[in-house]
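Shown next, in structure tokens, is the structure this report addresses.
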Amino acid sequence: GAVVSQHPSRVICKSGTSVKIECRSLDFQATTMFWYRQFPKKSLMLMATSNEGSKATYEQGVEKDKFLINHASLTLSTLTVTSAHPEDSSFYICSATQEFLYEQYFGPGTRLTVT
Amino acid sequence: GIQVEQSPPDLILQEGANSTLRCNFSDSVNNLQWFHQNPWGQLINLFYIPSGTKQNGRLSATTVATERYSLLYISSSQTTDSGVYFCAGDPSNTGKLIFGQGTTLQVKP
């Protein structure tokens, strides 16, 4: 099946710094990538949709200036959490789909802790 | 917005038992998927099942799109089946998945 990787798997940063998370589709071209956030013992919440070469679209309530998304190629999307604060601590998961196919494949997630 | 309700929220089984997990949608959805989230957080694709029935080993799933529900069957459960099972659907046919709250399954040896 399709494989999606994320890097780093976990990161600890200090309040006020920025953190970049990479999401890669390893064996297919991902026309669309999605970014989700998951709190402990909770479900996944969609943050934004990322299409290669165009601006990301954000879900209601998600600050686009805080969560910068770049989809520079058909295999790479990045999420940058800017000026991170402890409330940004969470599990961030990306997913990817191939063109004309709607089944989503998920990365292993990145656990962000802001101290 | 659309509501996705999963039941039961928690389930404890003895190894070897069978179970049925249910997912109800408050409105029509496309691209319904079932996932298993392992203890490390990885979401594993179980089924892409917008309608009909599929089987994969001990697991099978049925989606009745006209009645807005889907079922996941686990037969002869094993301890490795433990984890959280999520269903998710796409109400706008844009790929944006809305997830249920999950069913936490514990299989005891």
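Chain labels A, B, ... are given in the sequence in which chains occur in the structure tokens; within each chain residues are numbered consecutively from 1, and ligands are likewise numbered from 1 in the order shown.
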May I have the residues within 8 Å of Ser25 of chain A as a ChimeraX atom specification, using only C-alpha atoms and disregarding those fewer than 2 positions away in the same chain? /A:2-5,23,27-30,75-76,96
Quick one: residues within 6 Å of Ala88 of chain B, only C-alpha atoms, excluding same-chain residues fewer than 4 positions away - as a PyMOL selection string? chain B and resi 32-33+97-99
Residues of chain B were defined as contacting chain A if any atom lay at most 9 Å from it, counting only C-alpha atoms; please report them as a ChimeraX atom specification. /B:31-33,40-45,48,86,93-102
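Between atom CA of Gln55 of chain B and atom CA of Cys94 of chain A the separation is 26.6 Å.
The environment of Cys23 of chain B within 7 Å, counting only C-alpha atoms and disregarding residues fewer than 4 places along the same chain, consists of B:Val4, B:Glu5, B:Gln6, B:Ser7, B:Tyr69, B:Ser70, B:Leu71, B:Cys87.
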Print the selection's residues with N, CA and C atoms to a file, as a PDB file, in the first residue's frame.
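The resulting file, part27.pdb, is shown below:
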ATOM      1  N   VAL B   4     -20.630  12.297  13.482  1.00  0.00           N
ATOM      2  CA  VAL B   4     -20.236  10.909  13.282  1.00  0.00           C
ATOM      3  C   VAL B   4     -20.222  10.242  14.650  1.00  0.00           C
ATOM      4  N   GLU B   5     -21.079   9.263  14.808  1.00  0.00           N
ATOM      5  CA  GLU B   5     -21.222   8.621  16.114  1.00  0.00           C
ATOM      6  C   GLU B   5     -20.744   7.178  16.031  1.00  0.00           C
ATOM      7  N   GLN B   6     -19.810   6.826  16.891  1.00  0.00           N
ATOM      8  CA  GLN B   6     -19.310   5.456  16.920  1.00  0.00           C
ATOM      9  C   GLN B   6     -19.769   4.775  18.201  1.00  0.00           C
ATOM     10  N   SER B   7     -20.083   3.504  18.060  1.00  0.00           N
ATOM     11  CA  SER B   7     -20.474   2.739  19.253  1.00  0.00           C
ATOM     12  C   SER B   7     -19.935   1.316  19.145  1.00  0.00           C
ATOM     13  N   TYR B  69     -24.874   4.333   7.656  1.00  0.00           N
ATOM     14  CA  TYR B  69     -24.109   3.670   8.701  1.00  0.00           C
ATOM     15  C   TYR B  69     -23.144   2.679   8.094  1.00  0.00           C
ATOM     16  N   SER B  70     -22.158   2.328   8.910  1.00  0.00           N
ATOM     17  CA  SER B  70     -21.183   1.329   8.512  1.00  0.00           C
ATOM     18  C   SER B  70     -20.856   0.460   9.722  1.00  0.00           C
ATOM     19  N   LEU B  71     -20.535  -0.794   9.458  1.00  0.00           N
ATOM     20  CA  LEU B  71     -20.207  -1.749  10.509  1.00  0.00           C
ATOM     21  C   LEU B  71     -18.840  -2.355  10.238  1.00  0.00           C
ATOM     22  N   CYS B  87     -13.861   5.434  12.412  1.00  0.00           N
ATOM     23  CA  CYS B  87     -14.444   5.547  11.090  1.00  0.00           C
ATOM     24  C   CYS B  87     -14.389   7.019  10.707  1.00  0.00           C
TER      25      CYS B  87
END
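Counting only C-alpha atoms and comparing A:Ser83, A:Phe39, A:Leu68, A:Asn51, the residue that lies closest to Glu99 of chain A is A:Asn51.
Interatomic distance, atom CA of Tyr73 of chain B against atom CA of Val107 of chain B: 14.3 Å.
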Check the DSSP output for the backbone and give back, as an MDAnalysis selection string, the residues of segment 16-104 of chain B in strand (DSSP E). chainID B and resid 19:25 30:37 43:48 52:56 59:64 69:74 83:90 98:99 103:104
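Interatomic distance, atom CA of Arg37 of chain A to atom CA of Val19 of chain A: 14.9 Å.
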May I have all residues of chain B that DSSP, computed from the backbone, assigns to helix (DSSP H, G or I), given as an MDAnalysis selection string? chainID B and resid 65:67 79:81
Excluding Ala17 of chain B and its own-chain neighbours fewer than 2 positions away, which residues fall within 8 Å of it when counting only C-alpha atoms? Please give them as a ChimeraX atom specification. /B:13-15,19,75-77
Rank A:Ile12, A:Val62, A:Ala72, A:Val114 by their smallest atom-to-atom distance to Pro86 of chain A, using only C-alpha atoms, and report the top residue only. A:Val114
